[in-house]
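Take a look at the structure set out below.
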Amino acid sequence: MTARFGTALLRTLNAGILPYLLVLTHIGLGTALVYWAPRSNIAFLVLISSLFSLYALKTTRRFQLIVGTVLALLIIPVIGVRNIFYLEVIFQISVFAALALGLNIVVGFAGLLDLGYVAFYAVGAYLWAFFGSQQYFVLPFAPGTQPSNLPFLLPGDAFYLFIFIAIIVAALTGILLGLPVLRLRGDYLAIVTLGFGEVIRVLANNLDKPLNFTNGPQGITPIQRPTMPEWAVQGFNDLFGPLIGHTVSTADMYNLFFYLAALLVIVVIVKVTRRLDDSKIGRAWTAVREDETAAIAMGIPLVRMKLAAFAVGASFAGVMGVLLAASRTFISPESFSFMQSIGVLSMVILGGSGSIPGVILGAAVVTILNLQVLQGFSLYLSELRQSDAIIPLLNFAWKDLSTQLDPAKYQRLLFGLILILMMIFRPTGLIPAKRRMRKLADEQTGGE
Amino acid sequence: MALLETIGIVKSFGGLTAINRVDFELEAGRIVSIIGPNGAGKTTFFNTLTGIYQPDQGQIIFDGRSLVKLRPDQIAARGIARTFQNIRLFGEMSVIENILIGMHVHLRQSPLQTLLRLPAFKREEREAEHQALELMRYVGLAGVGNELAKNLPYGGQRLLEIARALAAEPKLLLLDEPAAGMNPQETEEVTRLFRRIRDEKGITILLIEHDMRVVMNISERICVMDYGEKIAEGTPAEIRTNDRVIEAYLGRGAVAGQHEEQLR
């Protein structure tokens with residue numbers, strides 16, 4: 001019933017120029033809100049959700065492209081440097097969206113349940129962490145004992161090269177893992193990949209002896225970033241200074257840089273995923289997911305196709321790993337826990353397994369929920385707790401509220417609940433996967 | 001020369017010998033049926049031919065080369081396509097995509113061509129789509145290219161499975177109970193389709209079927225299996241009057257003259 005109401009509503013909203021007006025109003029409203037209230041979570045949510053309305057409402061492709069570009073390259077950077085936290089949120093959304101898109105190839109397209117996906121992310125991150133820091137010269141020293149004046153192995157600009165190296169290294173890792181385990185199906189595969197994910201994390205944790213590769217639990221720091229040319233900072237300030245209201249520092253520019261880099265990676269990943277999906281390879285993946293026996297009987301080499309899925313998925317994570325290492329300048333095994341793999345998987349499932357816009361939305365929803373909604377709510381509660389306010393009807397003082405009742409602590413409970421509700425009411429995800437409708441020469445477009 | 005030849009193949013599961021020393025020869029360009037009671041080993045025979053099972057003993061020669069130890073996808077690439085007893089389509093894919101999967105072994109597009117959408121890729125996709133539409137028309141499935149395979153009616157799904165197999169341009173087509181669950185009219189149409197496939201495309205057909213109207217109508221030769229062994233082989237007329245067949249397949253007491261009726 002709600003679905004029918006939804007479609008009816010969507011039809012009304014999609015008539016004539018109404019969708020254009022709605023999208024522009026939404027963006028304008030969001031921009032204005034964020035501009036006047038740079039600290040408000042709600043204002044930011046309004047702005048970021050305008051991306052969704054841009055996607056969902058029916059406008060021409062060119063309009064979407066232009067408005068999307070303006071939003072991503074003009075509005076968000078300006079607003080972002082006014083409150084760097086926004087850029088951080090968007091950067092994290094992009095990182096997780098890339099991970100979710102990678103996992104989507106493995107789980108959504110090829111139907112291989114991978115519970116250790118974050119391992120490939122770790123491979124990328126540690127790759128740049130090792131070569132982009134002093135770690136090479138730290139090799140003979142136990143953690144914490146190295147002299148402080150060690151040189152860097154490579155210049156920071158090698159970062160760009162390592163983006164590409166990470167693709168290859170992560171893909172190879174994917175193949176290496178895939179070779180022994182891909183004969184397994186379903187649950188067995190899930191368990192083995194889970195184990196592999198843990199192995200990588202434990203390796204990172206313990207590979208500080210005999211040679212100190214990873215610096216153990218303390219992690220590697222500082223990791224270099226590519227150089228930020230002076231003219232870029234200057235130029236940005238000249239261009240947007242009046243709008244922003246204060247001078248933008250090099251540190252802020254780095255945030256902007258990584259935001260843009262992540263955005264670029266996402267665009268490339270989406271393109272690659274789309275093109276693969278709509279080709280012999282993508283069809284073979286789907287066929288393998290649907291029915292392995294029939295797929296192999298039709299001449300699809302199972303192992304090779306599964307390895308390809310693992311390799312492509314892993315390469316996405318590897319690239320994002322490099323980006324993460326550089327943007328954080330610090331990497332430790334903690335960032336690659338099992339919960340991260342589960343988190344990315346829940347993004348894929350929540351958004352719609354196999355659906356590109358779906359998993360991006362899933363990544364956005366989960367990240368925003370984590371970083372903004374829950375934490376904002378926690379903050380609000382703790383403010384109340386410090387005040388003398390009383391819950392009206394119950395006559396209960398806020399300050400007597402247990403500190404255990406902290407929404408941020410209930411994050412996993414909440415995820416569990418959301419996932420259960422999704423499974424009941426919308427098992428195919430927020431934006432379910434659709435097969436491409438072909439314009440077939442000799443037939444009508446075909447009804448529903 | 002025989003297109004397919006099996007020499008003494010044996011396949012057993014635990015204590016059960018599903019196929020026991022079957023020697024079988026299939027001439028190119030023929031339509032041949034395998035019949036036998038349930039559990040006679042017919043589907044296992046198919047699965048052994050297509051590499052889903054490896055034979056414990058014996059040799060399978062297809063087109064002059066051995067198929068033993070090859071993976072199913074390699075065997076498919078050699079030119080054997082099949083359909084399944086319980087339909088196995090890719091349900092969440094559209095009809096046309098199912099057929100395109102059948103063409104998998106013939107598509108030459110490289111990953112680079114795919115990612116860069118080079119003209120060679122586009123041309124190949126366009127041609128493949130065109131061919132797929134042609135095949136849909138050929139089997140009588142026109143106009144449903146964008147439907148999900150799982151949404152087709154039963155008869156349509158059977159036809160789609162055949163179209164998907166044809167898309168692989170096989171030399172040999174294995175059909176596992178292709179008329180099961182069809183009404184008499186559909187059965188007749190599908191029988192005609194098989195004959196057309198052989199006559200027009202020159203594809204050799206080996207089918208397992210229980211529907212005796214189909215078997216007797218279409219087969220040039222019939223091979224009868226029982227308890228994993230081949231107990232008889234010959235023309236329909238010969239099989240109809242073969243005592244061992246009557247005994248094994250129709251049960252004792254089936255007398256000449258009643259065959260026709262019972263076989264229905």
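For the structure tokens, the naming scheme is as follows: chains receive sequential letters (A, B, ...) according to their order of presentation, residues are indexed from 1 within each chain, and ligands are indexed from 1 in presentation order.
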Margin query: Counting only C-alpha atoms, a student should be able to say which residues of chain B come within 9 Å of chain A; what is the right answer, written as a ChimeraX atom specification?
Written below: /B:50-52,71-77,80-84,88-94,96-98,100-105,107-109,111,114-117,121,125,129-130,133,142-148,164-165,168
Output N, CA and C atoms for every residue in the selection just made, as a short mmCIF file (atom, residue, chain, number, x, y, z; two decimals), in the first residue's frame.
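Heads up, here's the output in selection.cif:
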data_model
loop_
_atom_site.label_atom_id
_atom_site.label_comp_id
_atom_site.auth_asym_id
_atom_site.auth_seq_id
_atom_site.Cartn_x
_atom_site.Cartn_y
_atom_site.Cartn_z
N THR B 50 28.62 -34.06 -20.05
CA THR B 50 28.87 -32.61 -20.01
C THR B 50 29.90 -32.23 -18.95
N GLY B 51 30.47 -33.23 -18.28
CA GLY B 51 31.57 -32.92 -17.38
C GLY B 51 31.16 -32.56 -15.97
N ILE B 52 29.85 -32.57 -15.69
CA ILE B 52 29.43 -32.29 -14.32
C ILE B 52 29.90 -33.43 -13.42
N ARG B 71 36.71 -29.75 -17.81
CA ARG B 71 35.67 -29.10 -16.98
C ARG B 71 34.42 -28.87 -17.85
N PRO B 72 33.26 -28.72 -17.19
CA PRO B 72 32.03 -28.50 -17.95
C PRO B 72 32.13 -27.31 -18.91
N ASP B 73 32.78 -26.23 -18.48
CA ASP B 73 32.84 -25.07 -19.36
C ASP B 73 33.71 -25.35 -20.58
N GLN B 74 34.74 -26.18 -20.40
CA GLN B 74 35.58 -26.54 -21.56
C GLN B 74 34.81 -27.41 -22.53
N ILE B 75 34.00 -28.31 -21.95
CA ILE B 75 33.20 -29.19 -22.81
C ILE B 75 32.17 -28.36 -23.58
N ALA B 76 31.58 -27.38 -22.88
CA ALA B 76 30.61 -26.50 -23.54
C ALA B 76 31.29 -25.78 -24.70
N ALA B 77 32.53 -25.35 -24.47
CA ALA B 77 33.25 -24.63 -25.52
C ALA B 77 33.59 -25.54 -26.70
N ILE B 80 29.15 -28.74 -26.98
CA ILE B 80 28.00 -29.48 -26.45
C ILE B 80 27.18 -28.52 -25.59
N ALA B 81 25.93 -28.32 -25.95
CA ALA B 81 25.06 -27.48 -25.13
C ALA B 81 23.93 -28.36 -24.62
N ARG B 82 23.33 -27.94 -23.51
CA ARG B 82 22.29 -28.80 -22.95
C ARG B 82 21.17 -27.98 -22.32
N THR B 83 20.07 -28.66 -22.08
CA THR B 83 19.03 -28.11 -21.24
C THR B 83 18.89 -29.04 -20.04
N PHE B 84 18.13 -28.59 -19.05
CA PHE B 84 18.06 -29.36 -17.81
C PHE B 84 16.65 -29.90 -17.58
N ARG B 88 16.71 -24.73 -15.57
CA ARG B 88 17.70 -23.94 -14.84
C ARG B 88 18.04 -22.70 -15.63
N LEU B 89 17.15 -21.73 -15.53
CA LEU B 89 17.42 -20.45 -16.18
C LEU B 89 18.03 -19.52 -15.15
N PHE B 90 18.54 -18.38 -15.63
CA PHE B 90 19.03 -17.35 -14.71
C PHE B 90 17.85 -16.42 -14.45
N GLY B 91 17.10 -16.75 -13.40
CA GLY B 91 15.79 -16.16 -13.18
C GLY B 91 15.77 -14.65 -13.09
N GLU B 92 16.78 -14.07 -12.47
CA GLU B 92 16.78 -12.62 -12.26
C GLU B 92 17.35 -11.87 -13.46
N MET B 93 17.68 -12.59 -14.52
CA MET B 93 18.18 -11.91 -15.71
C MET B 93 17.07 -11.91 -16.75
N SER B 94 17.16 -10.93 -17.66
CA SER B 94 16.11 -10.84 -18.67
C SER B 94 16.28 -11.98 -19.68
N ILE B 96 16.62 -11.89 -22.86
CA ILE B 96 17.69 -11.71 -23.85
C ILE B 96 19.06 -11.91 -23.22
N GLU B 97 19.20 -11.53 -21.97
CA GLU B 97 20.49 -11.75 -21.30
C GLU B 97 20.76 -13.24 -21.11
N ASN B 98 19.71 -14.00 -20.84
CA ASN B 98 19.89 -15.44 -20.74
C ASN B 98 20.47 -16.00 -22.03
N LEU B 100 22.17 -14.27 -24.23
CA LEU B 100 23.53 -13.75 -24.39
C LEU B 100 24.53 -14.59 -23.59
N ILE B 101 24.08 -15.11 -22.44
CA ILE B 101 24.95 -15.99 -21.67
C ILE B 101 25.32 -17.22 -22.50
N GLY B 102 24.34 -17.69 -23.28
CA GLY B 102 24.62 -18.83 -24.14
C GLY B 102 25.75 -18.54 -25.12
N MET B 103 25.87 -17.27 -25.50
CA MET B 103 26.90 -16.89 -26.48
C MET B 103 28.26 -16.66 -25.84
N HIS B 104 28.30 -16.78 -24.51
CA HIS B 104 29.51 -16.43 -23.77
C HIS B 104 30.79 -16.92 -24.45
N VAL B 105 30.80 -18.19 -24.84
CA VAL B 105 32.04 -18.75 -25.36
C VAL B 105 32.44 -18.16 -26.70
N LEU B 107 31.83 -14.82 -27.53
CA LEU B 107 32.12 -13.38 -27.47
C LEU B 107 33.60 -13.17 -27.22
N ARG B 108 34.18 -12.26 -28.00
CA ARG B 108 35.63 -12.09 -27.97
C ARG B 108 36.06 -10.83 -27.21
N GLN B 109 35.10 -10.05 -26.72
CA GLN B 109 35.43 -8.76 -26.11
C GLN B 109 36.43 -8.91 -24.96
N PRO B 111 38.61 -7.32 -21.61
CA PRO B 111 38.28 -6.37 -20.54
C PRO B 111 38.59 -4.93 -20.94
N THR B 114 35.98 -3.65 -23.13
CA THR B 114 34.77 -3.47 -22.35
C THR B 114 34.81 -2.16 -21.58
N LEU B 115 35.93 -1.91 -20.91
CA LEU B 115 36.03 -0.73 -20.06
C LEU B 115 36.06 0.55 -20.88
N LEU B 116 36.68 0.50 -22.03
CA LEU B 116 36.79 1.71 -22.84
C LEU B 116 35.66 1.82 -23.85
N ARG B 117 34.79 0.81 -23.88
CA ARG B 117 33.67 0.82 -24.82
C ARG B 117 34.17 1.10 -26.24
N PHE B 121 33.87 -3.56 -29.23
CA PHE B 121 32.95 -4.03 -28.19
C PHE B 121 31.52 -3.75 -28.57
N GLU B 125 28.51 -6.44 -29.22
CA GLU B 125 27.30 -6.46 -28.40
C GLU B 125 26.06 -6.31 -29.28
N GLU B 129 23.18 -9.05 -29.66
CA GLU B 129 21.78 -8.76 -29.35
C GLU B 129 20.89 -9.12 -30.54
N HIS B 130 21.38 -8.77 -31.71
CA HIS B 130 20.64 -9.07 -32.92
C HIS B 130 20.42 -10.57 -33.07
N LEU B 133 17.89 -11.91 -30.60
CA LEU B 133 16.51 -11.66 -31.02
C LEU B 133 16.08 -12.67 -32.08
N ALA B 142 9.15 -14.50 -29.44
CA ALA B 142 9.37 -13.09 -29.78
C ALA B 142 8.62 -12.16 -28.83
N GLY B 143 9.18 -10.98 -28.62
CA GLY B 143 8.47 -9.94 -27.91
C GLY B 143 8.61 -9.92 -26.40
N VAL B 144 9.43 -10.80 -25.85
CA VAL B 144 9.55 -10.82 -24.38
C VAL B 144 10.98 -10.59 -23.94
N GLY B 145 11.80 -9.99 -24.81
CA GLY B 145 13.23 -9.85 -24.54
C GLY B 145 13.58 -9.24 -23.21
N ASN B 146 12.77 -8.29 -22.74
CA ASN B 146 13.12 -7.59 -21.51
C ASN B 146 12.46 -8.18 -20.26
N GLU B 147 11.64 -9.22 -20.45
CA GLU B 147 11.03 -9.86 -19.28
C GLU B 147 12.11 -10.59 -18.48
N LEU B 148 11.90 -10.67 -17.18
CA LEU B 148 12.79 -11.53 -16.40
C LEU B 148 12.44 -12.98 -16.72
N ARG B 164 18.75 -20.58 -25.33
CA ARG B 164 20.03 -20.32 -24.68
C ARG B 164 21.07 -21.35 -25.12
N ALA B 165 20.64 -22.60 -25.21
CA ALA B 165 21.56 -23.65 -25.64
C ALA B 165 21.96 -23.44 -27.10
N ALA B 168 24.80 -21.04 -28.06
CA ALA B 168 26.19 -21.49 -27.98
C ALA B 168 26.66 -22.10 -29.30
#
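Among the residues of stretch 163-198 of chain B, backbone DSSP assigns helix (DSSP H, G or I) to Ala163, Arg164, Ala165, Leu166, Ala167, Pro184, Gln185, Glu186, Thr187, Glu188, Glu189, Val190, Thr191, Arg192, Leu193, Phe194, Arg195, Arg196, Ile197 and Arg198 of chain B.
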Since we have the selection now, will you write its residues out, keeping N, CA and C atoms, as an mmCIF file, in the first residue's frame?
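The result, written out as part.cif:
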data_model
loop_
_atom_site.group_PDB
_atom_site.id
_atom_site.type_symbol
_atom_site.label_atom_id
_atom_site.label_comp_id
_atom_site.auth_asym_id
_atom_site.auth_seq_id
_atom_site.Cartn_x
_atom_site.Cartn_y
_atom_site.Cartn_z
ATOM 1 N N ALA B 163 16.646 -21.930 -26.531
ATOM 2 C CA ALA B 163 17.273 -20.806 -27.237
ATOM 3 C C ALA B 163 18.651 -20.514 -26.658
ATOM 4 N N ARG B 164 18.749 -20.582 -25.331
ATOM 5 C CA ARG B 164 20.032 -20.320 -24.684
ATOM 6 C C ARG B 164 21.069 -21.349 -25.124
ATOM 7 N N ALA B 165 20.636 -22.604 -25.206
ATOM 8 C CA ALA B 165 21.563 -23.651 -25.643
ATOM 9 C C ALA B 165 21.962 -23.443 -27.100
ATOM 10 N N LEU B 166 20.994 -23.044 -27.929
ATOM 11 C CA LEU B 166 21.300 -22.819 -29.345
ATOM 12 C C LEU B 166 22.265 -21.660 -29.526
ATOM 13 N N ALA B 167 22.188 -20.684 -28.619
ATOM 14 C CA ALA B 167 23.051 -19.512 -28.724
ATOM 15 C C ALA B 167 24.518 -19.901 -28.672
ATOM 16 N N PRO B 184 -0.358 -31.194 -24.969
ATOM 17 C CA PRO B 184 -0.139 -31.863 -26.264
ATOM 18 C C PRO B 184 0.230 -30.901 -27.380
ATOM 19 N N GLN B 185 -0.405 -29.750 -27.382
ATOM 20 C CA GLN B 185 -0.110 -28.807 -28.464
ATOM 21 C C GLN B 185 1.318 -28.283 -28.370
ATOM 22 N N GLU B 186 1.692 -27.892 -27.151
ATOM 23 C CA GLU B 186 3.067 -27.411 -26.955
ATOM 24 C C GLU B 186 4.061 -28.506 -27.312
ATOM 25 N N THR B 187 3.733 -29.731 -26.916
ATOM 26 C CA THR B 187 4.615 -30.852 -27.212
ATOM 27 C C THR B 187 4.828 -30.991 -28.711
ATOM 28 N N GLU B 188 3.741 -30.853 -29.441
ATOM 29 C CA GLU B 188 3.848 -31.001 -30.883
ATOM 30 C C GLU B 188 4.721 -29.895 -31.478
ATOM 31 N N GLU B 189 4.519 -28.660 -30.971
ATOM 32 C CA GLU B 189 5.313 -27.544 -31.474
ATOM 33 C C GLU B 189 6.798 -27.737 -31.195
ATOM 34 N N VAL B 190 7.063 -28.206 -29.972
ATOM 35 C CA VAL B 190 8.451 -28.348 -29.583
ATOM 36 C C VAL B 190 9.103 -29.484 -30.385
ATOM 37 N N THR B 191 8.335 -30.508 -30.680
ATOM 38 C CA THR B 191 8.865 -31.600 -31.490
ATOM 39 C C THR B 191 9.242 -31.096 -32.882
ATOM 40 N N ARG B 192 8.342 -30.263 -33.424
ATOM 41 C CA ARG B 192 8.634 -29.692 -34.725
ATOM 42 C C ARG B 192 9.889 -28.821 -34.661
ATOM 43 N N LEU B 193 10.012 -28.089 -33.566
ATOM 44 C CA LEU B 193 11.189 -27.225 -33.390
ATOM 45 C C LEU B 193 12.476 -28.055 -33.420
ATOM 46 N N PHE B 194 12.458 -29.196 -32.730
ATOM 47 C CA PHE B 194 13.678 -30.021 -32.698
ATOM 48 C C PHE B 194 14.065 -30.468 -34.097
ATOM 49 N N ARG B 195 13.047 -30.836 -34.852
ATOM 50 C CA ARG B 195 13.349 -31.305 -36.201
ATOM 51 C C ARG B 195 13.928 -30.164 -37.032
ATOM 52 N N ARG B 196 13.357 -28.963 -36.844
ATOM 53 C CA ARG B 196 13.885 -27.805 -37.573
ATOM 54 C C ARG B 196 15.322 -27.522 -37.179
ATOM 55 N N ILE B 197 15.598 -27.637 -35.878
ATOM 56 C CA ILE B 197 16.960 -27.357 -35.407
ATOM 57 C C ILE B 197 17.947 -28.287 -36.109
ATOM 58 N N ARG B 198 17.552 -29.545 -36.221
ATOM 59 C CA ARG B 198 18.444 -30.498 -36.864
ATOM 60 C C ARG B 198 18.537 -30.222 -38.366
#
Notebook entry, point to check: Hey, what's within 12 Å of A:Arg412 if we count only C-alpha atoms and toss same-chain stuff fewer than 2 positions away? As a PyMOL selection string, please?
Noted result: chain A and resi 339-340+342-343+346+366+369-370+374+407-410+414-419
Suppose we keep N, CA and C atoms; can you now write the selection as an mmCIF file, in the first residue's frame?
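What landed in again-v9.cif:
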data_model
loop_
_atom_site.group_PDB
_atom_site.id
_atom_site.type_symbol
_atom_site.label_atom_id
_atom_site.label_comp_id
_atom_site.auth_asym_id
_atom_site.auth_seq_id
_atom_site.Cartn_x
_atom_site.Cartn_y
_atom_site.Cartn_z
ATOM 1 N N MET A 339 34.383 -5.823 12.337
ATOM 2 C CA MET A 339 33.170 -5.007 12.332
ATOM 3 C C MET A 339 33.101 -4.105 11.100
ATOM 4 N N GLN A 340 34.277 -3.703 10.602
ATOM 5 C CA GLN A 340 34.294 -2.882 9.390
ATOM 6 C C GLN A 340 33.752 -3.654 8.203
ATOM 7 N N ILE A 342 31.701 -6.114 8.303
ATOM 8 C CA ILE A 342 30.260 -6.260 8.509
ATOM 9 C C ILE A 342 29.565 -4.947 8.170
ATOM 10 N N GLY A 343 30.190 -3.828 8.576
ATOM 11 C CA GLY A 343 29.607 -2.522 8.280
ATOM 12 C C GLY A 343 29.421 -2.324 6.781
ATOM 13 N N SER A 346 26.711 -4.463 5.473
ATOM 14 C CA SER A 346 25.363 -3.984 5.794
ATOM 15 C C SER A 346 24.981 -2.806 4.893
ATOM 16 N N VAL A 366 24.332 4.821 6.215
ATOM 17 C CA VAL A 366 25.011 4.237 7.373
ATOM 18 C C VAL A 366 26.039 5.204 7.943
ATOM 19 N N LEU A 369 24.335 8.160 9.627
ATOM 20 C CA LEU A 369 23.739 7.676 10.877
ATOM 21 C C LEU A 369 24.808 7.579 11.958
ATOM 22 N N ASN A 370 25.949 7.025 11.563
ATOM 23 C CA ASN A 370 27.055 6.840 12.494
ATOM 24 C C ASN A 370 27.640 8.135 12.987
ATOM 25 N N LEU A 374 23.571 9.771 15.198
ATOM 26 C CA LEU A 374 23.742 9.171 16.512
ATOM 27 C C LEU A 374 24.620 10.031 17.407
ATOM 28 N N PRO A 407 23.189 7.057 22.878
ATOM 29 C CA PRO A 407 22.809 6.524 21.558
ATOM 30 C C PRO A 407 23.991 6.034 20.736
ATOM 31 N N ALA A 408 25.140 6.718 20.843
ATOM 32 C CA ALA A 408 26.287 6.300 20.049
ATOM 33 C C ALA A 408 26.713 4.885 20.420
ATOM 34 N N LYS A 409 26.433 4.497 21.654
ATOM 35 C CA LYS A 409 26.793 3.143 22.074
ATOM 36 C C LYS A 409 25.827 2.112 21.517
ATOM 37 N N TYR A 410 24.679 2.588 21.071
ATOM 38 C CA TYR A 410 23.661 1.648 20.599
ATOM 39 C C TYR A 410 23.686 1.491 19.090
ATOM 40 N N LEU A 414 21.111 -0.552 16.792
ATOM 41 C CA LEU A 414 20.277 0.152 15.829
ATOM 42 C C LEU A 414 20.438 -0.451 14.431
ATOM 43 N N PHE A 415 21.691 -0.755 14.060
ATOM 44 C CA PHE A 415 21.926 -1.373 12.755
ATOM 45 C C PHE A 415 21.208 -2.693 12.652
ATOM 46 N N GLY A 416 21.332 -3.461 13.711
ATOM 47 C CA GLY A 416 20.661 -4.756 13.731
ATOM 48 C C GLY A 416 19.178 -4.577 13.470
ATOM 49 N N LEU A 417 18.611 -3.620 14.186
ATOM 50 C CA LEU A 417 17.174 -3.362 14.037
ATOM 51 C C LEU A 417 16.842 -2.954 12.604
ATOM 52 N N ILE A 418 17.650 -2.021 12.090
ATOM 53 C CA ILE A 418 17.384 -1.546 10.722
ATOM 54 C C ILE A 418 17.459 -2.699 9.737
ATOM 55 N N LEU A 419 18.480 -3.524 9.890
ATOM 56 C CA LEU A 419 18.636 -4.630 8.946
ATOM 57 C C LEU A 419 17.469 -5.605 9.044
#
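In this comparison, which uses only C-alpha atoms, the residue of B:Met216, B:Ile246, B:Ala149, B:Ile205 approaching B:Leu4 most closely is B:Ile205.
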Checklist line | Between atom CA of B:Ser12 and atom CA of B:Met212, distance in Å (one decimal) | finding: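 Straight-line distance from atom CA of B:Ser12 to atom CA of B:Met212 works out to 28.2 Å.
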Margin query: Calculated over only C-alpha atoms, which of the candidates A:Trp285, A:Leu189, A:Val81, A:Phe63 has the smallest distance to A:Asn237?
Written below: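 Counting only C-alpha atoms, the residue closest to A:Asn237 is A:Val81.
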Check: How far is it from atom CA of B:Arg213 to atom CA of B:Asp226, in Å with one decimal?
Finding: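 These two atoms are separated by 20.1 Å.
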Next item on the list: Enumerate, as a count of residues only, the complete set of residues in stretch 48-183 of chain B that a backbone-based DSSP assignment places in strand (DSSP E or B).
Entry: 18
Next item on the list: Could you jot down the atom CA of A:Ile167 to atom CA of A:Met228 separation for me, Å, one decimal place?
Entry: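 So the answer is 23.7 Å.
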Could you pull the residues within 9 Å of A:Ser382, counting only C-alpha atoms, minus those fewer than 5 positions along the same chain, as a CSV table (one decimal) with C-alpha atoms, in the first residue's frame?
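Wrote it out as selection_23.csv, contents follow:
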chain,number,residue,atom,x,y,z
A,377,PHE,CA,21.9,12.8,19.5
A,387,SER,CA,21.4,20.9,32.6
A,398,TRP,CA,17.8,14.4,32.8
A,399,LYS,CA,20.9,14.4,34.9
A,403,THR,CA,25.3,7.4,31.0
A,406,ASP,CA,24.2,6.9,25.1
Checklist line | Which residue of A:Val233, A:Leu47, A:Leu384, A:Met347 approaches A:Thr250 most closely, using only C-alpha atoms | finding: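 Counting only C-alpha atoms, the residue closest to A:Thr250 is A:Val233.
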Next item on the list: May I ask which of the residues B:Val95, B:Val10, B:Ile19, B:Cys223 is the closest one to B:Leu152, counting only C-alpha atoms?
Entry: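 Once distances to B:Leu152 are computed over only C-alpha atoms, the minimum belongs to B:Val95.
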Item checked: stretch 211-217 of chain A environment, 8 Å, only C-alpha atoms, sequence neighbours closer than 5 positions dropped, as number ranges by chain -> A: 126, 130, 135-136, 138-143, 204-206, 332-334
Near-B:Gln57 list (9 Å; only C-alpha atoms; drop same-chain fewer than 2 positions) as a PDB file with C-alpha atoms, in the first residue's frame:
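Result file follows (part_37.pdb):
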ATOM      1  CA  ILE B   7      33.422 -46.535 -24.572  1.00  0.00           C
ATOM      2  CA  GLY B   8      32.620 -48.496 -21.445  1.00  0.00           C
ATOM      3  CA  ILE B   9      31.944 -45.543 -19.208  1.00  0.00           C
ATOM      4  CA  VAL B  10      31.211 -46.267 -15.569  1.00  0.00           C
ATOM      5  CA  LYS B  11      29.985 -43.850 -12.945  1.00  0.00           C
ATOM      6  CA  ARG B  21      29.895 -49.862 -18.949  1.00  0.00           C
ATOM      7  CA  GLN B  54      33.751 -37.414 -14.197  1.00  0.00           C
ATOM      8  CA  PRO B  55      33.436 -41.016 -15.345  1.00  0.00           C
ATOM      9  CA  GLN B  59      36.374 -42.963 -22.548  1.00  0.00           C
TER      10      GLN B  59
END
Next item on the list: For B:Gly41, please output as a ChimeraX atom specification all residues within 10 Å (counting only C-alpha atoms; exclusion window: fewer than 6 positions along the same chain).
Entry: /B:11,17-20,35,47,225-230
